[in-house]
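S.K.: Below is the file structure-v7.cif, with mmCIF, C-alpha atoms.
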```cif
data_target
#
loop_
_atom_site.group_PDB
_atom_site.id
_atom_site.type_symbol
_atom_site.label_atom_id
_atom_site.label_comp_id
_atom_site.auth_asym_id
_atom_site.auth_seq_id
_atom_site.Cartn_x
_atom_site.Cartn_y
_atom_site.Cartn_z
ATOM 1 C CA MET L 26 11.017 -21.079 -2.475
ATOM 2 C CA LYS L 27 12.524 -18.051 -4.120
ATOM 3 C CA SER L 28 15.931 -17.367 -2.637
ATOM 4 C CA LEU L 29 18.101 -14.404 -1.803
ATOM 5 C CA GLU L 30 20.685 -15.793 -4.258
ATOM 6 C CA GLU L 31 18.675 -14.338 -7.125
ATOM 7 C CA LEU L 32 18.673 -10.977 -5.425
ATOM 8 C CA LYS L 33 22.454 -11.159 -5.076
ATOM 9 C CA ALA L 34 22.705 -11.768 -8.820
ATOM 10 C CA ILE L 35 20.565 -8.699 -9.494
ATOM 11 C CA ARG L 36 22.717 -6.641 -7.175
ATOM 12 C CA GLU L 37 25.886 -7.745 -8.975
ATOM 13 C CA ARG L 38 24.389 -6.836 -12.329
ATOM 14 C CA MET L 39 23.150 -3.471 -11.099
ATOM 15 C CA GLN L 40 26.274 -2.458 -9.250
ATOM 16 C CA GLY L 41 27.680 0.726 -10.653
ATOM 17 C CA GLN L 42 24.746 1.106 -13.028
ATOM 18 C CA VAL L 43 22.400 2.716 -10.596
ATOM 19 C CA GLY L 44 22.509 6.386 -11.283
ATOM 20 C CA LEU L 45 21.229 8.545 -8.506
ATOM 21 C CA ARG L 46 17.816 9.505 -9.673
ATOM 22 C CA SER L 47 17.660 13.233 -9.587
ATOM 23 C CA GLU L 48 14.867 14.707 -7.580
ATOM 24 C CA ASP L 49 15.394 18.162 -8.927
ATOM 25 C CA SER L 50 13.054 20.939 -9.937
ATOM 26 C CA SER L 51 12.733 19.684 -13.513
ATOM 27 C CA GLN L 52 10.978 16.522 -12.376
ATOM 28 C CA THR L 53 7.268 15.885 -12.898
ATOM 29 C CA ARG L 54 5.491 14.477 -9.880
ATOM 30 C CA VAL L 55 2.504 12.167 -10.149
ATOM 31 C CA VAL L 56 0.765 11.755 -6.810
ATOM 32 C CA VAL L 57 -1.946 9.226 -5.937
ATOM 33 C CA GLY L 58 -4.180 9.677 -2.881
ATOM 34 C CA MET L 59 -3.821 6.552 -0.737
ATOM 35 C CA ALA L 60 -5.845 7.250 2.390
ATOM 36 C CA THR L 61 -8.861 5.130 3.386
ATOM 37 C CA CYS L 62 -11.083 6.949 0.870
ATOM 38 C CA GLY L 63 -8.637 6.379 -2.000
ATOM 39 C CA ILE L 64 -7.887 2.751 -1.132
ATOM 40 C CA ALA L 65 -11.582 1.888 -0.722
ATOM 41 C CA SER L 66 -12.403 3.268 -4.155
ATOM 42 C CA GLY L 67 -9.591 1.531 -6.019
ATOM 43 C CA ALA L 68 -6.407 3.597 -5.701
ATOM 44 C CA ARG L 69 -4.077 0.625 -5.253
ATOM 45 C CA PRO L 70 -4.349 -0.663 -8.852
ATOM 46 C CA VAL L 71 -4.183 2.928 -10.153
ATOM 47 C CA LEU L 72 -0.917 3.520 -8.283
ATOM 48 C CA THR L 73 0.548 0.210 -9.479
ATOM 49 C CA THR L 74 -0.502 0.871 -13.080
ATOM 50 C CA LEU L 75 1.048 4.350 -13.119
ATOM 51 C CA SER L 76 4.262 3.229 -11.512
ATOM 52 C CA ASP L 77 4.623 0.206 -13.841
ATOM 53 C CA ALA L 78 3.827 2.292 -16.953
ATOM 54 C CA VAL L 79 6.354 4.978 -16.047
ATOM 55 C CA GLN L 80 9.018 2.304 -15.489
ATOM 56 C CA GLU L 81 8.238 0.342 -18.658
ATOM 57 C CA ARG L 82 8.379 3.453 -20.801
ATOM 58 C CA HIS L 83 11.566 4.659 -19.084
ATOM 59 C CA LEU L 84 10.062 8.018 -18.188
ATOM 60 C CA ASP L 85 12.975 8.783 -15.896
ATOM 61 C CA ASN L 86 11.932 12.355 -15.306
ATOM 62 C CA ILE L 87 8.650 11.357 -13.691
ATOM 63 C CA ALA L 88 8.275 10.326 -10.067
ATOM 64 C CA VAL L 89 5.151 8.430 -9.026
ATOM 65 C CA THR L 90 4.455 8.773 -5.313
ATOM 66 C CA GLN L 91 1.577 8.480 -2.899
ATOM 67 C CA THR L 92 -0.005 10.806 -0.413
ATOM 68 C CA GLY L 93 -2.758 10.776 2.183
ATOM 69 C CA CYS L 94 -6.239 12.218 1.918
ATOM 70 C CA ILE L 95 -6.471 15.105 -0.530
ATOM 71 C CA GLY L 96 -9.804 16.199 0.947
ATOM 72 C CA LEU L 97 -12.064 15.370 -1.999
ATOM 73 C CA CYS L 98 -13.036 11.865 -0.917
ATOM 74 C CA GLN L 99 -16.096 11.642 -3.162
ATOM 75 C CA TYR L 100 -13.847 12.037 -6.238
ATOM 76 C CA GLU L 101 -11.366 9.287 -5.377
ATOM 77 C CA PRO L 102 -9.261 7.703 -6.774
ATOM 78 C CA ILE L 103 -7.484 11.022 -7.383
ATOM 79 C CA VAL L 104 -4.257 11.487 -9.317
ATOM 80 C CA GLU L 105 -2.446 14.824 -9.288
ATOM 81 C CA VAL L 106 0.116 15.708 -11.925
ATOM 82 C CA MET L 107 2.561 18.450 -11.011
ATOM 83 C CA GLU L 108 4.808 19.629 -13.795
ATOM 84 C CA PRO L 109 7.386 22.288 -13.049
ATOM 85 C CA GLY L 110 6.220 25.723 -14.151
ATOM 86 C CA LYS L 111 2.654 24.568 -14.846
ATOM 87 C CA ASP L 112 -0.591 24.519 -12.902
ATOM 88 C CA LYS L 113 -1.355 21.300 -11.038
ATOM 89 C CA VAL L 114 -3.771 19.008 -12.889
ATOM 90 C CA THR L 115 -6.162 16.966 -10.733
ATOM 91 C CA TYR L 116 -7.640 13.833 -12.285
ATOM 92 C CA VAL L 117 -10.631 12.355 -10.486
ATOM 93 C CA LYS L 118 -12.517 9.038 -10.350
ATOM 94 C CA MET L 119 -9.573 7.263 -11.914
ATOM 95 C CA ASN L 120 -9.114 3.608 -12.797
ATOM 96 C CA PRO L 121 -6.192 1.720 -14.380
ATOM 97 C CA GLU L 122 -7.480 2.280 -17.961
ATOM 98 C CA LYS L 123 -7.900 6.034 -17.479
ATOM 99 C CA ALA L 124 -4.506 6.150 -15.771
ATOM 100 C CA LEU L 125 -2.855 4.598 -18.847
ATOM 101 C CA GLU L 126 -4.561 7.181 -21.037
ATOM 102 C CA VAL L 127 -3.124 9.926 -18.838
ATOM 103 C CA VAL L 128 0.346 8.379 -19.181
ATOM 104 C CA GLU L 129 0.112 8.248 -22.993
ATOM 105 C CA LYS L 130 -1.540 11.616 -23.600
ATOM 106 C CA HIS L 131 -0.449 13.834 -20.746
ATOM 107 C CA LEU L 132 2.849 12.487 -19.431
ATOM 108 C CA ILE L 133 4.273 11.521 -22.826
ATOM 109 C CA ARG L 134 2.632 13.936 -25.268
ATOM 110 C CA GLY L 135 1.897 16.822 -22.947
ATOM 111 C CA GLN L 136 -1.844 17.037 -23.595
ATOM 112 C CA VAL L 137 -4.019 17.238 -20.503
ATOM 113 C CA VAL L 138 -6.893 14.715 -20.668
ATOM 114 C CA GLN L 139 -9.572 17.290 -19.864
ATOM 115 C CA LYS L 140 -12.484 14.877 -19.587
ATOM 116 C CA TYR L 141 -11.033 13.207 -16.468
ATOM 117 C CA THR L 142 -10.050 16.386 -14.649
ATOM 118 C CA LEU L 143 -11.719 17.899 -11.633
ATOM 119 C CA ASN L 144 -12.649 20.890 -13.802
ATOM 120 C CA ALA L 145 -14.762 18.622 -16.008
ATOM 121 C CA GLU L 146 -16.863 17.577 -12.988
ATOM 122 C CA ASN L 147 -19.901 19.691 -12.325
ATOM 123 C CA ILE L 148 -19.128 20.959 -8.873
ATOM 124 C CA LYS L 149 -22.075 22.634 -7.244
ATOM 125 C CA MET Y 20 -16.299 -0.791 3.564
ATOM 126 C CA MET Y 21 -13.342 -2.370 1.824
ATOM 127 C CA PRO Y 22 -14.084 -4.981 -0.853
ATOM 128 C CA GLU Y 23 -11.201 -7.173 0.291
ATOM 129 C CA ILE Y 24 -9.279 -7.625 3.561
ATOM 130 C CA SER Y 25 -5.895 -6.935 1.931
ATOM 131 C CA LEU Y 26 -7.050 -3.337 1.392
ATOM 132 C CA ASN Y 27 -7.805 -2.972 5.121
ATOM 133 C CA VAL Y 28 -4.260 -4.183 5.760
ATOM 134 C CA LEU Y 29 -2.835 -1.629 3.322
ATOM 135 C CA ASP Y 30 -4.873 1.149 4.888
ATOM 136 C CA VAL Y 31 -3.964 0.339 8.486
ATOM 137 C CA ALA Y 32 -0.289 -0.221 7.606
ATOM 138 C CA GLU Y 33 -0.262 3.225 5.975
ATOM 139 C CA ASN Y 34 -1.155 4.572 9.428
ATOM 140 C CA SER Y 35 1.962 2.855 10.788
ATOM 141 C CA THR Y 36 4.181 4.536 8.195
ATOM 142 C CA ARG Y 37 2.592 7.887 8.996
ATOM 143 C CA ALA Y 38 3.304 7.214 12.675
ATOM 144 C CA LYS Y 39 6.989 7.273 11.638
ATOM 145 C CA ALA Y 40 7.550 3.561 12.197
ATOM 146 C CA SER Y 41 10.909 2.181 11.112
ATOM 147 C CA LEU Y 42 9.668 -1.422 11.158
ATOM 148 C CA VAL Y 43 6.159 -2.646 10.363
ATOM 149 C CA GLU Y 44 5.450 -6.325 10.990
ATOM 150 C CA ILE Y 45 2.453 -7.798 9.220
ATOM 151 C CA SER Y 46 1.269 -11.349 9.665
ATOM 152 C CA VAL Y 47 -1.551 -13.259 8.037
ATOM 153 C CA ALA Y 48 -2.337 -16.644 9.539
ATOM 154 C CA VAL Y 49 -4.928 -19.076 8.244
ATOM 155 C CA ASP Y 50 -5.934 -21.987 10.442
ATOM 156 C CA THR Y 51 -8.578 -24.207 8.902
ATOM 157 C CA LYS Y 52 -8.926 -26.418 12.026
ATOM 158 C CA ALA Y 53 -9.603 -23.464 14.309
ATOM 159 C CA ASP Y 54 -11.556 -21.875 11.435
ATOM 160 C CA THR Y 55 -9.774 -18.537 11.848
ATOM 161 C CA LEU Y 56 -7.967 -15.966 9.779
ATOM 162 C CA VAL Y 57 -5.805 -13.834 12.056
ATOM 163 C CA ILE Y 58 -4.203 -10.621 10.858
ATOM 164 C CA GLN Y 59 -1.752 -8.597 12.872
ATOM 165 C CA ILE Y 60 -0.092 -5.272 12.057
ATOM 166 C CA LYS Y 61 2.545 -4.198 14.523
ATOM 167 C CA ASP Y 62 4.729 -1.113 14.329
ATOM 168 C CA ASP Y 63 7.384 0.707 16.320
ATOM 169 C CA GLY Y 64 5.977 4.122 15.484
ATOM 170 C CA CYS Y 65 4.999 6.978 17.767
ATOM 171 C CA GLY Y 66 2.076 5.088 19.332
ATOM 172 C CA MET Y 67 -1.081 6.580 20.759
ATOM 173 C CA THR Y 68 -2.004 8.078 24.097
ATOM 174 C CA GLU Y 69 -4.773 6.448 26.140
ATOM 175 C CA GLU Y 70 -7.025 9.306 25.111
ATOM 176 C CA GLN Y 71 -6.388 8.708 21.381
ATOM 177 C CA LEU Y 72 -6.636 4.951 21.830
ATOM 178 C CA SER Y 73 -10.072 5.269 23.405
ATOM 179 C CA HIS Y 74 -11.310 7.168 20.354
ATOM 180 C CA VAL Y 75 -9.582 5.316 17.533
ATOM 181 C CA GLU Y 76 -12.443 2.907 16.849
ATOM 182 C CA ASP Y 77 -14.851 5.831 16.613
ATOM 183 C CA PRO Y 78 -15.470 6.837 12.976
ATOM 184 C CA PHE Y 79 -15.860 10.462 13.990
ATOM 185 C CA PHE Y 80 -12.382 10.676 15.399
ATOM 186 C CA THR Y 81 -9.334 11.394 13.276
ATOM 187 C CA THR Y 82 -5.986 13.125 13.634
ATOM 188 C CA ARG Y 83 -6.338 14.384 10.087
ATOM 189 C CA THR Y 84 -7.229 17.981 9.369
ATOM 190 C CA THR Y 85 -8.593 17.576 5.820
ATOM 191 C CA ARG Y 86 -11.877 16.092 7.026
ATOM 192 C CA LYS Y 87 -13.712 15.137 10.168
ATOM 193 C CA VAL Y 88 -14.017 11.364 9.885
ATOM 194 C CA GLY Y 89 -11.511 8.524 10.143
ATOM 195 C CA LEU Y 90 -12.795 5.240 8.794
ATOM 196 C CA GLY Y 91 -9.677 3.105 8.448
ATOM 197 C CA VAL Y 92 -9.736 1.377 11.819
ATOM 198 C CA PRO Y 93 -13.573 1.258 12.100
ATOM 199 C CA PHE Y 94 -13.765 -0.445 8.662
ATOM 200 C CA PHE Y 95 -11.228 -3.083 9.695
ATOM 201 C CA LYS Y 96 -13.023 -3.706 12.989
ATOM 202 C CA MET Y 97 -16.407 -3.915 11.281
ATOM 203 C CA ALA Y 98 -15.105 -6.434 8.737
ATOM 204 C CA ALA Y 99 -13.739 -8.664 11.522
ATOM 205 C CA LEU Y 100 -16.811 -8.462 13.762
ATOM 206 C CA ALA Y 101 -19.150 -9.074 10.816
ATOM 207 C CA ALA Y 102 -17.307 -12.342 10.238
ATOM 208 C CA GLY Y 103 -17.850 -13.525 13.811
ATOM 209 C CA GLY Y 104 -14.358 -12.412 14.773
ATOM 210 C CA ASP Y 105 -12.587 -10.177 17.197
ATOM 211 C CA PHE Y 106 -10.625 -6.946 17.093
ATOM 212 C CA SER Y 107 -8.105 -5.264 19.372
ATOM 213 C CA ILE Y 108 -5.574 -2.452 19.421
ATOM 214 C CA GLU Y 109 -2.746 -2.017 21.853
ATOM 215 C CA SER Y 110 -0.622 1.083 21.840
ATOM 216 C CA LYS Y 111 1.868 3.004 23.955
ATOM 217 C CA PRO Y 112 3.253 6.441 23.192
ATOM 218 C CA GLY Y 113 6.821 6.049 22.000
ATOM 219 C CA ALA Y 114 6.613 2.261 21.781
ATOM 220 C CA GLY Y 115 4.272 1.607 18.860
ATOM 221 C CA THR Y 116 0.926 0.120 18.012
ATOM 222 C CA CYS Y 117 -0.336 -3.396 17.436
ATOM 223 C CA VAL Y 118 -3.633 -4.088 15.678
ATOM 224 C CA THR Y 119 -5.065 -7.613 15.709
ATOM 225 C CA ALA Y 120 -8.117 -8.730 13.750
ATOM 226 C CA VAL Y 121 -9.568 -12.225 13.917
ATOM 227 C CA PHE Y 122 -12.015 -13.370 11.230
ATOM 228 C CA GLY Y 123 -14.189 -16.476 11.174
ATOM 229 C CA LEU Y 124 -12.557 -18.224 8.201
ATOM 230 C CA SER Y 125 -15.670 -19.941 6.861
ATOM 231 C CA HIS Y 126 -18.100 -17.221 7.959
ATOM 232 C CA ILE Y 127 -20.447 -16.255 5.146
ATOM 233 C CA ASP Y 128 -19.854 -12.538 5.742
ATOM 234 C CA ARG Y 129 -16.069 -12.715 5.702
ATOM 235 C CA MET Y 130 -14.625 -10.656 2.866
ATOM 236 C CA PRO Y 131 -12.056 -12.460 0.711
ATOM 237 C CA LEU Y 132 -8.450 -11.915 1.792
ATOM 238 C CA GLY Y 133 -7.731 -10.548 -1.666
ATOM 239 C CA ASP Y 134 -4.431 -9.546 -3.193
ATOM 240 C CA MET Y 135 -1.998 -9.482 -0.255
ATOM 241 C CA THR Y 136 0.908 -9.595 -2.706
ATOM 242 C CA SER Y 137 -0.066 -6.190 -4.127
ATOM 243 C CA THR Y 138 -0.593 -4.752 -0.657
ATOM 244 C CA ILE Y 139 2.856 -5.785 0.589
ATOM 245 C CA HIS Y 140 4.536 -4.844 -2.707
ATOM 246 C CA THR Y 141 2.917 -1.382 -2.665
ATOM 247 C CA LEU Y 142 3.974 -0.806 0.944
ATOM 248 C CA ILE Y 143 7.597 -1.787 0.263
ATOM 249 C CA ILE Y 144 8.023 0.141 -2.999
ATOM 250 C CA PHE Y 145 6.410 3.373 -1.829
ATOM 251 C CA HIS Y 146 7.969 3.515 1.634
ATOM 252 C CA LYS Y 147 11.655 3.224 0.899
ATOM 253 C CA ASP Y 148 12.731 4.250 4.380
ATOM 254 C CA VAL Y 149 10.523 1.819 6.273
ATOM 255 C CA ASP Y 150 11.321 -1.851 6.831
ATOM 256 C CA PHE Y 151 8.629 -4.492 6.550
ATOM 257 C CA ARG Y 152 8.476 -8.008 7.842
ATOM 258 C CA TYR Y 153 5.639 -10.010 6.350
ATOM 259 C CA THR Y 154 4.682 -13.524 7.432
ATOM 260 C CA TYR Y 155 2.064 -15.612 5.683
ATOM 261 C CA GLU Y 156 1.020 -18.855 7.300
ATOM 262 C CA VAL Y 157 -1.484 -21.485 6.248
ATOM 263 C CA ASP Y 158 -2.011 -24.483 8.539
ATOM 264 C CA GLY Y 159 1.562 -24.562 9.799
ATOM 265 C CA ARG Y 160 3.280 -23.858 6.458
ATOM 266 C CA SER Y 161 4.685 -20.353 6.180
ATOM 267 C CA PHE Y 162 7.048 -17.936 4.535
ATOM 268 C CA THR Y 163 8.524 -14.632 5.630
ATOM 269 C CA LEU Y 164 9.703 -11.620 3.717
ATOM 270 C CA ASP Y 165 11.992 -9.262 5.587
ATOM 271 C CA THR Y 166 13.124 -6.117 3.806
ATOM 272 C CA ARG Y 167 16.064 -5.819 6.199
ATOM 273 C CA GLU Y 168 17.504 -8.993 4.616
ATOM 274 C CA PHE Y 169 16.887 -7.564 1.146
ATOM 275 C CA ARG Y 170 18.534 -4.303 2.128
ATOM 276 C CA GLU Y 171 21.604 -6.132 3.355
ATOM 277 C CA VAL Y 172 22.017 -7.887 0.004
ATOM 278 C CA LEU Y 173 21.178 -4.857 -2.116
ATOM 279 C CA GLY Y 174 23.318 -2.213 -0.477
ATOM 280 C CA ASP Y 175 22.590 1.051 -2.261
ATOM 281 C CA VAL Y 176 20.386 -0.468 -4.994
ATOM 282 C CA PRO Y 177 16.867 0.836 -4.245
ATOM 283 C CA PHE Y 178 13.685 -1.293 -4.006
ATOM 284 C CA ASP Y 179 11.989 0.666 -6.785
ATOM 285 C CA GLU Y 180 14.669 -0.259 -9.326
ATOM 286 C CA PRO Y 181 12.546 -2.158 -11.915
ATOM 287 C CA GLU Y 182 14.430 -5.476 -11.610
ATOM 288 C CA VAL Y 183 14.334 -5.385 -7.823
ATOM 289 C CA SER Y 184 10.671 -4.411 -7.768
ATOM 290 C CA ALA Y 185 9.889 -7.342 -10.084
ATOM 291 C CA TYR Y 186 11.936 -9.690 -7.865
ATOM 292 C CA ILE Y 187 9.964 -8.636 -4.793
ATOM 293 C CA LYS Y 188 6.683 -9.248 -6.587
ATOM 294 C CA GLU Y 189 7.817 -12.699 -7.749
ATOM 295 C CA TYR Y 190 9.146 -13.528 -4.283
ATOM 296 C CA LEU Y 191 5.716 -12.788 -2.815
ATOM 297 C CA THR Y 192 3.770 -14.557 -5.576
ATOM 298 C CA GLU Y 193 5.839 -17.741 -5.687
ATOM 299 C CA ASN Y 194 6.213 -18.166 -1.938
ATOM 300 C CA LYS Y 195 2.518 -17.549 -1.389
ATOM 301 C CA LYS Y 196 1.699 -20.271 -3.884
ATOM 302 C CA GLU Y 197 4.074 -22.716 -2.219
ATOM 303 C CA THR Y 198 2.576 -21.920 1.170
ATOM 304 C CA ASP Y 199 -1.118 -22.183 0.352
ATOM 305 C CA GLY Y 200 -1.010 -24.345 -2.789
ATOM 306 C CA GLY Y 201 -2.701 -21.619 -4.791
ATOM 307 C CA ILE Y 202 -6.057 -21.722 -3.049
ATOM 308 C CA SER Y 203 -7.914 -18.443 -2.734
ATOM 309 C CA ILE Y 204 -8.640 -17.409 0.818
#
```
Write out the structure in this file as structure tokens.
M.R.:
Amino acid sequence: MKSLEELKAIRERMQGQVGLRSEDSSQTRVVVGMATCGIASGARPVLTTLSDAVQERHLDNIAVTQTGCIGLCQYEPIVEVMEPGKDKVTYVKMNPEKALEVVEKHLIRGQVVQKYTLNAENIK
Amino acid sequence: MMPEISLNVLDVAENSTRAKASLVEISVAVDTKADTLVIQIKDDGCGMTEEQLSHVEDPFFTTRTTRKVGLGVPFFKMAALAAGGDFSIESKPGAGTCVTAVFGLSHIDRMPLGDMTSTIHTLIIFHKDVDFRYTYEVDGRSFTLDTREFREVLGDVPFDEPEVSAYIKEYLTENKKETDGGISI
């Protein structure tokens, strides 16, 4: 069984190193819809993928969080990217592969992946 | 309909966090002799009135304002009943809510339990202010994860710190394997 001793070791290593992560106005927010509609259509792996990718690439200025139903259940899983001073971008029908593409192109290089956005869907 | 039971658990536990629970207790118990899989989600959140409770299993009832249906609880109930099981909710305003679902373990229509490790990990990492106590039991062998114990050790180091997050995932993965011997349920 994995023990709490290992956690103590982590704590000792981390002590003093943990900078308070700033939740200021310069931070980009990435929000995943995690209500019944989102979860049923595969939001859990999308959320995990985004959060892991942001951590691995040390994108400290990006916060990945979750929210409830966004109100567009037929387009789930939905990921919203909110960058300060820019219009919100809504990505629809996401999966882990598309989410990684959004990390590489949008979050790192600043280019919105148009083909996955809500605007690209033909809404009647 | 959820493709795996662990997603029902995630969905219903999200309700607990939205009900402002400070502690959510989740237990998964497999009993091969009794041929049951029993799942319980218990919170100390705001609870429901009798009026709300009487409607909660109705898909056309929701407290949400973004749309007119609420399928979380009905999905969970349907999954349990389809597997020859049972379903109940108890709730009191101010005291909290307890949801219990019993599944026929070997029933042909029982969905697989699925990735409980991801469900619990997601709940812990994305609800920093809520404590979780998770118990997984298979034929008398069990393990428990209690975030209050983790919090005591960690002090001000947050759960979403990469090393801590990885530890929690490993804790769940390894202890699950030791409890059920790696079988898929």
S.K.: Per residue of chain Y within 6 Å of chain L, note the shortest atom pair and the distance in Å to one decimal, counting all atoms listed in the file, and order the rows by chain and increasing residue number, as a tab-separated table.
M.R.:
```
residue	atom	partner	partner_atom	distance
Y:Met21	CA	L:Ala65	CA	5.3
Y:Asp30	CA	L:Thr61	CA	5.8
Y:Thr85	CA	L:Gly96	CA	5.2
Y:Gly91	CA	L:Thr61	CA	5.5
Y:Leu173	CA	L:Arg36	CA	5.6
Y:Tyr190	CA	L:Lys27	CA	5.6
Y:Asn194	CA	L:Met26	CA	5.6
```
S.K.: Could you list, as a list in words, every residue within 12 Å of L:Leu84, counting only C-alpha atoms and ignoring same-chain residues fewer than 4 positions away?
M.R.: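 Close residues of L:Leu84: Arg46, Gln52, Thr53, Arg54, Val55, Leu75, Ser76, Asp77, Ala78, Val79, Gln80, Ala88, Val89, Val128, Glu129, Leu132, Ile133 and Arg134 of chain L.
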S.K.: Just give me the gap between atom CA of Y:Ala120 and atom CA of Y:Ile58 in Å, one decimal is fine.
M.R.: 5.2 Å
S.K.: Extract, using all atoms listed in the file, all DNA, RNA and protein residues at most 10 Å from stretch 65-69 of chain Y, discarding same-chain residues fewer than 5 positions from it, and format them as a list in words.
M.R.: Ser35, Thr36, Arg37, Ala38, Lys39, Ala40, His74, Val75, Glu109, Ser110, Lys111, Pro112, Gly113, Ala114, Gly115, Thr116 and Cys117 of chain Y
S.K.: Which neighbours of Y:Met97 fall inside 12 Å, counting all atoms listed in the file, when residues of the same chain fewer than 5 positions from it are skipped, and could you give them as a PyMOL selection string?
M.R.: chain Y and resi 20-21+24+27+76-78+90-92+102-107+120-122+128-130
